[in-house]
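Text of the file coords.cif, holding mmCIF, C-alpha atoms:
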```
data_input
loop_
_atom_site.group_PDB
_atom_site.id
_atom_site.type_symbol
_atom_site.label_atom_id
_atom_site.label_comp_id
_atom_site.auth_asym_id
_atom_site.auth_seq_id
_atom_site.Cartn_x
_atom_site.Cartn_y
_atom_site.Cartn_z
ATOM 1 C CA MET A 1 -40.289 76.860 34.254
ATOM 2 C CA ILE A 2 -36.653 77.777 34.895
ATOM 3 C CA THR A 3 -35.451 74.175 35.339
ATOM 4 C CA LYS A 4 -36.822 73.281 31.898
ATOM 5 C CA GLN A 5 -35.079 76.302 30.398
ATOM 6 C CA LEU A 6 -31.805 75.375 32.099
ATOM 7 C CA LEU A 7 -31.990 71.798 30.833
ATOM 8 C CA GLU A 8 -32.850 72.907 27.287
ATOM 9 C CA THR A 9 -29.920 75.336 27.330
ATOM 10 C CA ILE A 10 -27.251 72.882 28.482
ATOM 11 C CA VAL A 11 -28.437 70.151 26.113
ATOM 12 C CA LYS A 12 -28.213 72.607 23.201
ATOM 13 C CA ASN A 13 -25.023 74.450 24.182
ATOM 14 C CA GLU A 14 -23.018 71.317 25.031
ATOM 15 C CA CYS A 15 -24.561 69.185 22.257
ATOM 16 C CA LEU A 16 -25.659 66.573 24.780
ATOM 17 C CA GLU A 17 -27.441 63.399 23.756
ATOM 18 C CA LEU A 18 -30.056 62.165 26.189
ATOM 19 C CA GLU A 19 -30.405 58.440 26.768
ATOM 20 C CA LYS A 20 -33.795 56.765 26.320
ATOM 21 C CA LYS A 21 -34.028 56.371 30.095
ATOM 22 C CA VAL A 22 -32.693 59.121 32.370
ATOM 23 C CA PRO A 23 -33.599 58.810 36.077
ATOM 24 C CA LEU A 24 -33.677 61.755 38.476
ATOM 25 C CA LYS A 25 -31.442 61.260 41.536
ATOM 26 C CA VAL A 26 -33.145 63.145 44.369
ATOM 27 C CA HIS A 27 -33.373 63.447 48.147
ATOM 28 C CA PHE A 28 -36.933 63.081 49.442
ATOM 29 C CA GLY A 29 -36.273 64.765 52.793
ATOM 30 C CA GLU A 30 -36.605 63.026 56.147
ATOM 31 C CA LYS A 31 -40.022 62.862 57.764
ATOM 32 C CA GLY A 32 -40.493 66.143 59.665
ATOM 33 C CA ASN A 33 -38.013 68.071 57.502
ATOM 34 C CA THR A 34 -39.486 71.121 55.736
ATOM 35 C CA SER A 35 -36.507 72.607 53.882
ATOM 36 C CA PHE A 36 -35.863 69.849 51.299
ATOM 37 C CA ILE A 37 -36.324 70.794 47.640
ATOM 38 C CA ARG A 38 -39.982 70.226 46.793
ATOM 39 C CA SER A 39 -41.068 68.001 43.923
ATOM 40 C CA GLU A 40 -42.759 70.888 42.098
ATOM 41 C CA ASN A 41 -39.294 72.297 41.410
ATOM 42 C CA TYR A 42 -38.645 69.243 39.228
ATOM 43 C CA GLU A 43 -41.794 69.527 37.087
ATOM 44 C CA GLY A 44 -40.023 71.461 34.316
ATOM 45 C CA ILE A 45 -37.368 68.741 34.073
ATOM 46 C CA ILE A 46 -39.975 65.980 33.978
ATOM 47 C CA ASN A 47 -42.000 67.805 31.308
ATOM 48 C CA TYR A 48 -38.908 68.357 29.169
ATOM 49 C CA LEU A 49 -37.976 64.678 29.336
ATOM 50 C CA LYS A 50 -41.527 63.663 28.420
ATOM 51 C CA GLU A 51 -41.429 65.978 25.396
ATOM 52 C CA LYS A 52 -38.221 64.251 24.305
ATOM 53 C CA ASP A 53 -39.772 60.782 24.858
ATOM 54 C CA VAL A 54 -37.248 60.078 27.599
ATOM 55 C CA GLU A 55 -38.422 57.703 30.321
ATOM 56 C CA THR A 56 -37.667 58.840 33.869
ATOM 57 C CA CYS A 57 -38.198 58.004 37.520
ATOM 58 C CA TYR A 58 -37.066 59.179 40.946
ATOM 59 C CA MET A 59 -34.102 57.248 42.372
ATOM 60 C CA GLU A 60 -32.725 57.179 45.913
ATOM 61 C CA THR A 61 -30.903 54.907 48.369
ATOM 62 C CA SER A 62 -31.705 53.875 51.936
ATOM 63 C CA VAL A 63 -30.184 55.765 54.840
ATOM 64 C CA LEU A 64 -27.797 54.177 57.328
ATOM 65 C CA TYR A 65 -29.374 55.557 60.481
ATOM 66 C CA GLY A 66 -32.878 54.811 61.853
ATOM 67 C CA GLY A 67 -35.403 57.340 60.582
ATOM 68 C CA GLN A 68 -38.263 56.506 58.230
ATOM 69 C CA ARG A 69 -36.064 56.142 55.157
ATOM 70 C CA HIS A 70 -33.998 53.154 56.282
ATOM 71 C CA ARG A 71 -36.331 50.635 54.616
ATOM 72 C CA ARG A 72 -37.756 50.624 51.079
ATOM 73 C CA ASP A 73 -41.466 50.635 51.945
ATOM 74 C CA LEU A 74 -41.158 53.387 54.551
ATOM 75 C CA HIS A 75 -38.852 55.376 52.294
ATOM 76 C CA ILE A 76 -41.409 55.324 49.468
ATOM 77 C CA LYS A 77 -44.145 56.229 51.956
ATOM 78 C CA THR A 78 -42.138 59.285 53.022
ATOM 79 C CA ALA A 79 -41.506 60.289 49.401
ATOM 80 C CA LEU A 80 -45.213 60.135 48.560
ATOM 81 C CA GLU A 81 -46.112 62.068 51.697
ATOM 82 C CA HIS A 82 -43.692 64.762 50.518
ATOM 83 C CA GLY A 83 -45.353 64.983 47.093
ATOM 84 C CA PHE A 84 -42.982 62.930 44.924
ATOM 85 C CA ASP A 85 -45.740 61.276 42.908
ATOM 86 C CA GLN A 86 -45.200 62.533 39.340
ATOM 87 C CA VAL A 87 -43.061 59.575 38.231
ATOM 88 C CA PRO A 88 -42.262 56.096 39.624
ATOM 89 C CA ILE A 89 -39.976 55.797 42.668
ATOM 90 C CA VAL A 90 -37.043 53.377 42.698
ATOM 91 C CA ILE A 91 -35.082 52.645 45.879
ATOM 92 C CA THR A 92 -31.888 51.355 44.333
ATOM 93 C CA ASP A 93 -30.331 49.251 47.095
ATOM 94 C CA GLY A 94 -33.017 46.696 47.921
ATOM 95 C CA GLU A 95 -35.405 46.290 50.832
ATOM 96 C CA GLN A 96 -32.885 47.044 53.576
ATOM 97 C CA GLY A 97 -29.928 48.534 51.704
ATOM 98 C CA GLU A 98 -28.381 45.137 50.972
ATOM 99 C CA ALA A 99 -28.367 45.288 47.146
ATOM 100 C CA PHE A 100 -25.247 46.834 45.653
ATOM 101 C CA SER A 101 -22.809 46.764 42.769
ATOM 102 C CA GLU A 102 -19.040 46.909 43.291
ATOM 103 C CA ILE A 103 -17.491 49.668 41.182
ATOM 104 C CA GLU A 104 -13.720 49.478 40.746
ATOM 105 C CA ILE A 105 -11.901 52.817 41.188
ATOM 106 C CA ASN A 106 -8.473 51.968 42.723
ATOM 107 C CA LYS A 107 -8.019 55.207 44.661
ATOM 108 C CA ARG A 108 -6.288 56.031 47.955
ATOM 109 C CA HIS A 109 -8.971 54.759 50.329
ATOM 110 C CA PHE A 110 -11.107 52.461 48.194
ATOM 111 C CA LYS A 111 -10.327 49.894 45.534
ATOM 112 C CA THR A 112 -14.039 49.386 44.949
ATOM 113 C CA CYS A 113 -17.201 51.231 46.002
ATOM 114 C CA LYS A 114 -20.626 49.812 46.868
ATOM 115 C CA LEU A 115 -23.345 51.683 44.943
ATOM 116 C CA GLY A 116 -27.077 50.942 44.886
ATOM 117 C CA LYS A 117 -27.526 48.063 42.440
ATOM 118 C CA GLU A 118 -30.239 49.637 40.287
ATOM 119 C CA PHE A 119 -27.865 52.435 39.242
ATOM 120 C CA GLU A 120 -25.870 49.969 37.130
ATOM 121 C CA LYS A 121 -28.692 49.941 34.574
ATOM 122 C CA TYR A 122 -28.169 53.587 33.586
ATOM 123 C CA ASP A 123 -25.455 55.481 31.729
ATOM 124 C CA GLN A 124 -26.938 58.887 32.469
ATOM 125 C CA LEU A 125 -28.787 60.502 35.355
ATOM 126 C CA ILE A 126 -29.889 63.996 36.208
ATOM 127 C CA VAL A 127 -28.472 64.549 39.695
ATOM 128 C CA LEU A 128 -30.625 67.022 41.608
ATOM 129 C CA SER A 129 -28.935 68.428 44.699
ATOM 130 C CA HIS A 130 -29.855 70.834 47.479
ATOM 131 C CA PHE A 131 -26.878 73.053 48.252
ATOM 132 C CA LYS A 132 -26.743 73.620 52.044
ATOM 133 C CA GLY A 133 -24.623 72.939 55.099
ATOM 134 C CA HIS A 134 -23.713 69.549 56.563
ATOM 135 C CA GLY A 135 -22.291 68.567 59.940
ATOM 136 C CA LEU A 136 -19.533 66.248 58.700
ATOM 137 C CA SER A 137 -18.818 67.239 55.103
ATOM 138 C CA GLY A 138 -19.181 70.993 55.723
ATOM 139 C CA PHE A 139 -21.564 71.457 52.818
ATOM 140 C CA GLY A 140 -23.746 69.267 50.665
ATOM 141 C CA GLY A 141 -24.239 69.573 46.915
ATOM 142 C CA ALA A 142 -23.533 67.493 43.821
ATOM 143 C CA ILE A 143 -20.451 65.760 45.287
ATOM 144 C CA LYS A 144 -22.304 64.607 48.376
ATOM 145 C CA GLN A 145 -25.363 63.608 46.353
ATOM 146 C CA LEU A 146 -23.093 61.436 44.211
ATOM 147 C CA SER A 147 -21.319 59.864 47.181
ATOM 148 C CA MET A 148 -23.734 59.332 50.063
ATOM 149 C CA GLY A 149 -26.690 59.558 47.683
ATOM 150 C CA PHE A 150 -25.538 56.745 45.377
ATOM 151 C CA ALA A 151 -23.902 54.541 48.024
ATOM 152 C CA ALA A 152 -25.673 51.466 49.322
ATOM 153 C CA LYS A 153 -25.658 51.106 53.109
ATOM 154 C CA GLY A 154 -22.326 49.315 53.086
ATOM 155 C CA GLY A 155 -20.808 52.222 51.188
ATOM 156 C CA LYS A 156 -22.236 54.751 53.607
ATOM 157 C CA LEU A 157 -20.813 52.719 56.462
ATOM 158 C CA ALA A 158 -17.385 52.556 54.817
ATOM 159 C CA MET A 159 -17.287 56.314 54.266
ATOM 160 C CA HIS A 160 -18.503 57.257 57.713
ATOM 161 C CA MET A 161 -16.546 54.933 59.927
ATOM 162 C CA GLY A 162 -14.640 52.319 57.984
ATOM 163 C CA ILE A 163 -15.926 49.563 60.260
ATOM 164 C CA LYS A 164 -18.411 46.703 60.251
ATOM 165 C CA PRO A 165 -21.415 46.187 62.561
ATOM 166 C CA LYS A 166 -21.400 44.100 65.719
ATOM 167 C CA ILE A 167 -24.093 42.434 67.842
ATOM 168 C CA VAL A 168 -24.709 43.747 71.353
ATOM 169 C CA LYS A 169 -25.269 40.375 73.004
ATOM 170 C CA ARG A 170 -27.307 41.634 75.976
ATOM 171 C CA LYS A 171 -29.869 43.138 73.601
ATOM 172 C CA CYS A 172 -30.093 40.239 71.167
ATOM 173 C CA LYS A 173 -33.382 38.278 71.384
ATOM 174 C CA LYS A 174 -32.184 35.603 68.923
ATOM 175 C CA CYS A 175 -35.068 36.182 66.536
ATOM 176 C CA ASN A 176 -32.811 35.335 63.557
ATOM 177 C CA LEU A 177 -34.065 38.181 61.368
ATOM 178 C CA CYS A 178 -30.536 39.492 60.870
ATOM 179 C CA LYS A 179 -29.300 36.027 59.926
ATOM 180 C CA THR A 180 -32.008 35.552 57.292
ATOM 181 C CA THR A 181 -31.221 38.900 55.662
ATOM 182 C CA CYS A 182 -27.444 38.310 55.468
ATOM 183 C CA ASN A 183 -26.486 37.358 51.920
ATOM 184 C CA VAL A 184 -22.984 36.155 52.844
ATOM 185 C CA ASP A 185 -23.833 33.998 55.870
ATOM 186 C CA ALA A 186 -21.701 36.102 58.210
ATOM 187 C CA ILE A 187 -24.062 35.996 61.225
ATOM 188 C CA THR A 188 -24.200 33.258 63.829
ATOM 189 C CA ILE A 189 -27.035 33.172 66.374
ATOM 190 C CA ASP A 190 -26.310 30.793 69.270
ATOM 191 C CA ASN A 191 -25.202 31.269 72.872
ATOM 192 C CA LYS A 192 -22.859 34.004 71.654
ATOM 193 C CA PRO A 193 -24.470 35.870 68.734
ATOM 194 C CA ARG A 194 -21.781 37.350 66.518
ATOM 195 C CA ILE A 195 -20.858 38.690 63.078
ATOM 196 C CA ASP A 196 -17.877 37.202 61.271
ATOM 197 C CA HIS A 197 -16.048 40.269 59.963
ATOM 198 C CA ASP A 198 -14.000 38.154 57.574
ATOM 199 C CA ARG A 199 -17.223 37.256 55.772
ATOM 200 C CA CYS A 200 -19.179 40.473 56.403
ATOM 201 C CA VAL A 201 -19.267 42.885 53.447
ATOM 202 C CA GLY A 202 -20.554 45.749 55.599
ATOM 203 C CA CYS A 203 -23.839 46.213 53.710
ATOM 204 C CA GLY A 204 -25.660 47.398 56.859
ATOM 205 C CA ALA A 205 -28.885 45.475 56.166
ATOM 206 C CA CYS A 206 -28.732 43.723 59.548
ATOM 207 C CA VAL A 207 -28.580 47.087 61.322
ATOM 208 C CA SER A 208 -31.837 48.156 59.695
ATOM 209 C CA ILE A 209 -33.804 44.941 60.093
ATOM 210 C CA CYS A 210 -33.112 44.251 63.786
ATOM 211 C CA PRO A 211 -36.301 45.101 65.741
ATOM 212 C CA HIS A 212 -34.428 45.148 69.068
ATOM 213 C CA LYS A 213 -31.640 47.519 67.991
ATOM 214 C CA SER A 214 -29.087 44.958 69.101
ATOM 215 C CA ILE A 215 -26.795 45.497 66.091
ATOM 216 C CA THR A 216 -24.695 48.628 66.155
ATOM 217 C CA ILE A 217 -22.109 50.455 64.056
ATOM 218 C CA PHE A 218 -21.029 52.624 66.975
ATOM 219 C CA THR A 219 -17.688 51.473 68.297
ATOM 220 C CA LEU A 220 -14.793 53.387 69.828
ATOM 221 C CA LYS A 221 -12.816 52.924 66.630
ATOM 222 C CA GLY A 222 -15.680 54.124 64.463
ATOM 223 C CA ILE A 223 -16.404 57.192 66.574
ATOM 224 C CA TYR A 224 -12.695 58.076 66.633
ATOM 225 C CA ASN A 225 -12.497 57.793 62.843
ATOM 226 C CA ALA A 226 -15.602 59.920 62.336
ATOM 227 C CA ILE A 227 -14.418 62.716 64.643
ATOM 228 C CA PHE A 228 -10.644 62.822 64.305
ATOM 229 C CA LYS A 229 -10.074 61.692 60.732
ATOM 230 C CA ARG A 230 -12.127 64.373 59.010
ATOM 231 C CA THR A 231 -9.742 64.706 56.058
ATOM 232 C CA ASP A 232 -9.969 60.962 55.418
ATOM 233 C CA PHE A 233 -13.767 61.220 55.496
ATOM 234 C CA LEU A 234 -13.794 64.012 52.900
ATOM 235 C CA GLU A 235 -11.448 62.046 50.649
ATOM 236 C CA LYS A 236 -13.665 58.970 50.978
ATOM 237 C CA LEU A 237 -16.677 61.101 50.113
ATOM 238 C CA VAL A 238 -14.975 62.314 46.946
ATOM 239 C CA GLU A 239 -13.881 58.817 45.939
ATOM 240 C CA TYR A 240 -17.455 57.541 46.151
ATOM 241 C CA ALA A 241 -18.586 60.536 44.085
ATOM 242 C CA TYR A 242 -15.990 59.524 41.496
ATOM 243 C CA ALA A 243 -17.424 55.981 41.417
ATOM 244 C CA ALA A 244 -20.926 57.335 40.748
ATOM 245 C CA HIS A 245 -19.787 59.870 38.126
ATOM 246 C CA PHE A 246 -17.105 58.024 36.163
ATOM 247 C CA GLY A 247 -18.275 56.578 32.850
ATOM 248 C CA ARG A 248 -21.648 58.315 32.989
ATOM 249 C CA LYS A 249 -22.979 61.313 31.052
ATOM 250 C CA ASN A 250 -24.637 62.892 34.079
ATOM 251 C CA ILE A 251 -26.210 66.326 34.252
ATOM 252 C CA TYR A 252 -26.030 68.160 37.582
ATOM 253 C CA ILE A 253 -28.519 70.692 38.916
ATOM 254 C CA ASN A 254 -27.931 72.441 42.259
ATOM 255 C CA PHE A 255 -30.711 74.300 44.047
ATOM 256 C CA ALA A 256 -29.259 77.079 46.224
ATOM 257 C CA MET A 257 -32.566 77.594 48.021
ATOM 258 C CA ASN A 258 -33.645 77.112 51.643
ATOM 259 C CA ILE A 259 -29.951 77.002 52.546
ATOM 260 C CA THR A 260 -29.827 75.583 56.063
ATOM 261 C CA LYS A 261 -27.002 74.752 58.454
ATOM 262 C CA SER A 262 -27.658 71.008 58.271
ATOM 263 C CA CYS A 263 -28.836 68.529 55.676
ATOM 264 C CA ASP A 264 -32.316 67.356 54.688
ATOM 265 C CA CYS A 265 -31.844 64.162 56.735
ATOM 266 C CA ILE A 266 -32.669 66.202 59.847
ATOM 267 C CA GLY A 267 -36.286 65.382 60.713
ATOM 268 C CA LYS A 268 -37.352 68.816 61.900
ATOM 269 C CA PRO A 269 -37.878 72.325 60.478
ATOM 270 C CA MET A 270 -34.757 74.466 60.063
ATOM 271 C CA LYS A 271 -34.343 78.128 59.244
ATOM 272 C CA PRO A 272 -32.293 79.355 56.252
ATOM 273 C CA ILE A 273 -28.914 80.875 57.157
ATOM 274 C CA ILE A 274 -28.455 82.920 53.958
ATOM 275 C CA ASP A 275 -30.765 84.103 51.184
ATOM 276 C CA ASP A 276 -31.511 81.981 48.123
ATOM 277 C CA PHE A 277 -29.193 82.704 45.213
ATOM 278 C CA GLY A 278 -30.316 80.565 42.310
ATOM 279 C CA ILE A 279 -30.420 77.278 40.437
ATOM 280 C CA PHE A 280 -27.269 76.008 38.712
ATOM 281 C CA ILE A 281 -26.674 73.430 35.985
ATOM 282 C CA SER A 282 -23.482 71.761 34.747
ATOM 283 C CA THR A 283 -21.990 68.494 33.549
ATOM 284 C CA ASP A 284 -19.160 68.936 36.092
ATOM 285 C CA PRO A 285 -20.031 68.102 39.736
ATOM 286 C CA VAL A 286 -16.925 69.841 41.101
ATOM 287 C CA ALA A 287 -17.405 73.088 39.167
ATOM 288 C CA ILE A 288 -21.087 73.389 40.116
ATOM 289 C CA ASP A 289 -20.358 72.866 43.827
ATOM 290 C CA LYS A 290 -17.422 75.278 43.722
ATOM 291 C CA ALA A 291 -19.602 77.978 42.159
ATOM 292 C CA CYS A 292 -22.253 77.546 44.871
ATOM 293 C CA TYR A 293 -19.585 77.456 47.577
ATOM 294 C CA ASP A 294 -17.948 80.661 46.331
ATOM 295 C CA ILE A 295 -21.223 82.571 46.058
ATOM 296 C CA SER A 296 -22.318 81.519 49.545
ATOM 297 C CA LYS A 297 -18.947 82.752 50.821
ATOM 298 C CA GLU A 298 -19.493 86.096 49.077
ATOM 299 C CA LYS A 299 -22.877 86.325 50.760
ATOM 300 C CA GLY A 300 -21.301 85.934 54.193
ATOM 301 C CA LYS A 301 -21.501 82.190 54.858
ATOM 302 C CA LYS A 302 -18.265 80.247 54.471
ATOM 303 C CA PHE A 303 -18.972 76.550 54.833
ATOM 304 C CA LYS A 304 -16.354 74.057 55.969
ATOM 305 C CA GLY A 305 -15.249 71.229 53.704
ATOM 306 C CA GLU A 306 -13.393 73.238 51.043
ATOM 307 C CA PHE A 307 -10.625 70.619 51.151
ATOM 308 C CA GLN A 308 -12.676 68.234 49.042
ATOM 309 C CA PHE A 309 -12.410 70.436 45.924
ATOM 310 C CA GLY A 310 -8.656 69.953 45.613
ATOM 311 C CA TYR A 311 -8.843 66.210 46.147
ATOM 312 C CA ALA A 312 -11.745 65.906 43.706
ATOM 313 C CA GLU A 313 -9.759 67.667 41.000
ATOM 314 C CA SER A 314 -6.643 65.577 41.734
ATOM 315 C CA ILE A 315 -8.431 62.257 41.109
ATOM 316 C CA GLY A 316 -10.226 63.460 37.972
ATOM 317 C CA LEU A 317 -13.759 63.994 39.284
ATOM 318 C CA GLY A 318 -13.954 67.485 37.779
ATOM 319 C CA SER A 319 -12.468 70.970 37.719
ATOM 320 C CA VAL A 320 -12.564 73.836 40.215
ATOM 321 C CA ASP A 321 -12.540 76.292 37.297
ATOM 322 C CA TYR A 322 -15.907 77.496 36.064
ATOM 323 C CA GLU A 323 -17.607 80.251 34.108
ATOM 324 C CA LEU A 324 -20.988 81.522 35.258
ATOM 325 C CA ILE A 325 -23.480 82.183 32.451
ATOM 326 C CA GLU A 326 -26.686 83.789 33.688
ATOM 327 C CA ILE A 327 -29.979 82.908 32.032
#
```
Take the structure in the file and write it out as structure tokens.
Amino acid sequence: MITKQLLETIVKNECLELEKKVPLKVHFGEKGNTSFIRSENYEGIINYLKEKDVETCYMETSVLYGGQRHRRDLHIKTALEHGFDQVPIVITDGEQGEAFSEIEINKRHFKTCKLGKEFEKYDQLIVLSHFKGHGLSGFGGAIKQLSMGFAAKGGKLAMHMGIKPKIVKRKCKKCNLCKTTCNVDAITIDNKPRIDHDRCVGCGACVSICPHKSITIFTLKGIYNAIFKRTDFLEKLVEYAYAAHFGRKNIYINFAMNITKSCDCIGKPMKPIIDDFGIFISTDPVAIDKACYDISKEKGKKFKGEFQFGYAESIGLGSVDYELIEI
């Protein structure tokens, strides 16, 4: 299995020491998606870790939007339906995306970042990424898997729009579910249901739990930020990647297969836009993405989002310089 060979090679060549517990950070694919990287591609990695007596599991975070992966139980159901049953599954940010750790980074946009709480238990992960296109970031690979993939819902919200949710009063049925799930007592349900933004930490749990869809993140300010402040979004993406990478001995594997225009969060089949061109491994998330980006460009598909490489290098996430060694 090529993934086993790749992992053996990098561990030997870079004299890496594996921790006793090394989770696999993955993307299970949205329900209806057919182009996500299948679990059988990870069997070589799992077998290698077992041979080394390293305990592993699949790890993922809840999504911000609706879909079937916005809640822990439905997310696990989707993962199992998609064949991710070789090792245990851990959804790192709680039942609704409310569980997070604050990681201090002190960068341009964020002083701290909200990552799924379970990640704090591990000093090393194998970050498995599907290199492909993405509507907002231009492309998705190791950097995006580190940022959106590690962020709890509040972190995803902060990167996307930099706002906090609000209650649409005409839709609110005053069922109090949102209030019971709020860990900071920021929600008031009375004649004028509201969220106190001075208290709100922006975790997004209330958005997910509301059965009437009366809590929204879509505001004029948020939509403006998402559309017209693209550079800010890419910088925020990189800063969250830094929070997930810094202080860890991660290994990164990119699968340049089934390369589609959009990401695996799209719940429908998509056709590849360029041919597969390999599987890559590195300890540098910037270098591995840059290599995939450059090869896709050589093959006739130049993705947007190249700006993030320069910013990533400037804050110390990694290097744009790389050497390709073919196995």
(message) Taking only C-alpha atoms into account, name the residue in A:Ala244, A:Ala142, A:Cys210, A:Ile251 that is nearest to Glu14 in chain A.
(response)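 The answer is A:Ile251, which sits nearest to Glu14 in chain A.
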Any chance you could work out the residue set of the PyMOL selection byres ((chain A and resi 147) around 10) here, as a JSON list (two decimals) with C-alpha atoms, keeping the file's coordinate frame?
```
[["chain", "number", "residue", "atom", "x", "y", "z"],
["A", 113, "CYS", "CA", -17.20, 51.23, 46.00],
["A", 115, "LEU", "CA", -23.34, 51.68, 44.94],
["A", 142, "ALA", "CA", -23.53, 67.49, 43.82],
["A", 143, "ILE", "CA", -20.45, 65.76, 45.29],
["A", 144, "LYS", "CA", -22.30, 64.61, 48.38],
["A", 145, "GLN", "CA", -25.36, 63.61, 46.35],
["A", 146, "LEU", "CA", -23.09, 61.44, 44.21],
["A", 148, "MET", "CA", -23.73, 59.33, 50.06],
["A", 149, "GLY", "CA", -26.69, 59.56, 47.68],
["A", 150, "PHE", "CA", -25.54, 56.74, 45.38],
["A", 151, "ALA", "CA", -23.90, 54.54, 48.02],
["A", 152, "ALA", "CA", -25.67, 51.47, 49.32],
["A", 155, "GLY", "CA", -20.81, 52.22, 51.19],
["A", 156, "LYS", "CA", -22.24, 54.75, 53.61],
["A", 159, "MET", "CA", -17.29, 56.31, 54.27],
["A", 236, "LYS", "CA", -13.66, 58.97, 50.98],
["A", 237, "LEU", "CA", -16.68, 61.10, 50.11],
["A", 238, "VAL", "CA", -14.98, 62.31, 46.95],
["A", 239, "GLU", "CA", -13.88, 58.82, 45.94],
["A", 240, "TYR", "CA", -17.45, 57.54, 46.15],
["A", 241, "ALA", "CA", -18.59, 60.54, 44.08],
["A", 242, "TYR", "CA", -15.99, 59.52, 41.50],
["A", 243, "ALA", "CA", -17.42, 55.98, 41.42],
["A", 244, "ALA", "CA", -20.93, 57.34, 40.75],
["A", 245, "HIS", "CA", -19.79, 59.87, 38.13]]
```
(request) List the residues matched by the PyMOL selection byres ((chain A and resi 303-309) around 7) in the displayed structure as a list in words, ordered by chain and then by residue number. (result)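 On the file shown, the PyMOL selection byres ((chain A and resi 303-309) around 7) covers Gly133, Ser137, Gly138, Phe139, Leu234, Glu235, Val238, Val286, Lys301, Lys302, Gly310, Tyr311, Ala312, Glu313 and Val320 of chain A.
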Check which residues of range 69-125 of chain A sit at most 12 Å from range 194-201 of chain A using all atoms listed in the file, and return one row each with the closest pair of atoms and their distance in Å to one decimal, ordered by chain and rising number, as JSON lines.
```
{"residue": "A:Glu98", "atom": "CA", "partner": "A:Val201", "partner_atom": "CA", "distance": 9.7}
{"residue": "A:Ala99", "atom": "CA", "partner": "A:Val201", "partner_atom": "CA", "distance": 11.3}
{"residue": "A:Phe100", "atom": "CA", "partner": "A:Val201", "partner_atom": "CA", "distance": 10.6}
{"residue": "A:Ser101", "atom": "CA", "partner": "A:Val201", "partner_atom": "CA", "distance": 11.9}
{"residue": "A:Glu102", "atom": "CA", "partner": "A:Val201", "partner_atom": "CA", "distance": 10.9}
{"residue": "A:Thr112", "atom": "CA", "partner": "A:Val201", "partner_atom": "CA", "distance": 11.9}
{"residue": "A:Cys113", "atom": "CA", "partner": "A:Val201", "partner_atom": "CA", "distance": 11.4}
{"residue": "A:Lys114", "atom": "CA", "partner": "A:Val201", "partner_atom": "CA", "distance": 9.6}
```
(message) Once the PyMOL selection byres ((chain A and resi 48) around 12) has been evaluated on this model, what residues remain selected, and can you format them as a count of residues only?
(response) 26
(message) For a test of reading the model, state the distance in Å between CA of Ser319 in chain A and CA of Asp284 in chain A, rounded to one decimal.
(response) 7.2 Å
(message) Can you tell me which residues surround Phe131 in chain A at a distance of at most 9 Å, considering all atoms listed in the file, apart from same-chain residues fewer than 3 positions away, and format the answer as a ChimeraX atom specification?
(response) /A:139-142,254-260,263,289,292-293
(message) Let me make sure I understand: among A:Asn250, A:Thr78, A:Asn106, A:Thr92, which one has the smallest atom-to-atom distance to Lys121 in chain A if we use only C-alpha atoms?
(response) A:Thr92
Repaired coordinates for range 14-24 of chain A (N, CA and C atoms) as a PDB file, in the coordinates of the input:
```
ATOM      1  N   GLU A  14     -24.086  72.317  24.918  1.00  0.00           N
ATOM      2  CA  GLU A  14     -23.018  71.317  25.031  1.00  0.00           C
ATOM      3  C   GLU A  14     -23.250  70.114  24.119  1.00  0.00           C
ATOM      4  N   CYS A  15     -24.265  70.248  23.236  1.00  0.00           N
ATOM      5  CA  CYS A  15     -24.561  69.185  22.257  1.00  0.00           C
ATOM      6  C   CYS A  15     -24.703  67.822  22.942  1.00  0.00           C
ATOM      7  N   LEU A  16     -25.486  67.806  24.010  1.00  0.00           N
ATOM      8  CA  LEU A  16     -25.659  66.573  24.780  1.00  0.00           C
ATOM      9  C   LEU A  16     -26.695  65.671  24.126  1.00  0.00           C
ATOM     10  N   GLU A  17     -26.459  64.381  24.198  1.00  0.00           N
ATOM     11  CA  GLU A  17     -27.441  63.399  23.756  1.00  0.00           C
ATOM     12  C   GLU A  17     -28.050  62.744  24.980  1.00  0.00           C
ATOM     13  N   LEU A  18     -29.371  62.792  25.068  1.00  0.00           N
ATOM     14  CA  LEU A  18     -30.056  62.165  26.189  1.00  0.00           C
ATOM     15  C   LEU A  18     -30.305  60.696  25.883  1.00  0.00           C
ATOM     16  N   GLU A  19     -30.096  59.854  26.899  1.00  0.00           N
ATOM     17  CA  GLU A  19     -30.405  58.440  26.768  1.00  0.00           C
ATOM     18  C   GLU A  19     -31.925  58.246  26.733  1.00  0.00           C
ATOM     19  N   LYS A  20     -32.354  57.063  26.367  1.00  0.00           N
ATOM     20  CA  LYS A  20     -33.795  56.765  26.320  1.00  0.00           C
ATOM     21  C   LYS A  20     -34.417  56.727  27.714  1.00  0.00           C
ATOM     22  N   LYS A  21     -33.576  56.396  28.699  1.00  0.00           N
ATOM     23  CA  LYS A  21     -34.028  56.371  30.095  1.00  0.00           C
ATOM     24  C   LYS A  21     -33.048  57.189  30.929  1.00  0.00           C
ATOM     25  N   VAL A  22     -33.541  58.241  31.560  1.00  0.00           N
ATOM     26  CA  VAL A  22     -32.693  59.121  32.370  1.00  0.00           C
ATOM     27  C   VAL A  22     -33.377  59.359  33.720  1.00  0.00           C
ATOM     28  N   PRO A  23     -33.000  58.618  34.756  1.00  0.00           N
ATOM     29  CA  PRO A  23     -33.599  58.810  36.077  1.00  0.00           C
ATOM     30  C   PRO A  23     -33.195  60.140  36.710  1.00  0.00           C
ATOM     31  N   LEU A  24     -33.970  60.562  37.685  1.00  0.00           N
ATOM     32  CA  LEU A  24     -33.677  61.755  38.476  1.00  0.00           C
ATOM     33  C   LEU A  24     -33.210  61.310  39.859  1.00  0.00           C
TER      34      LEU A  24
END
```
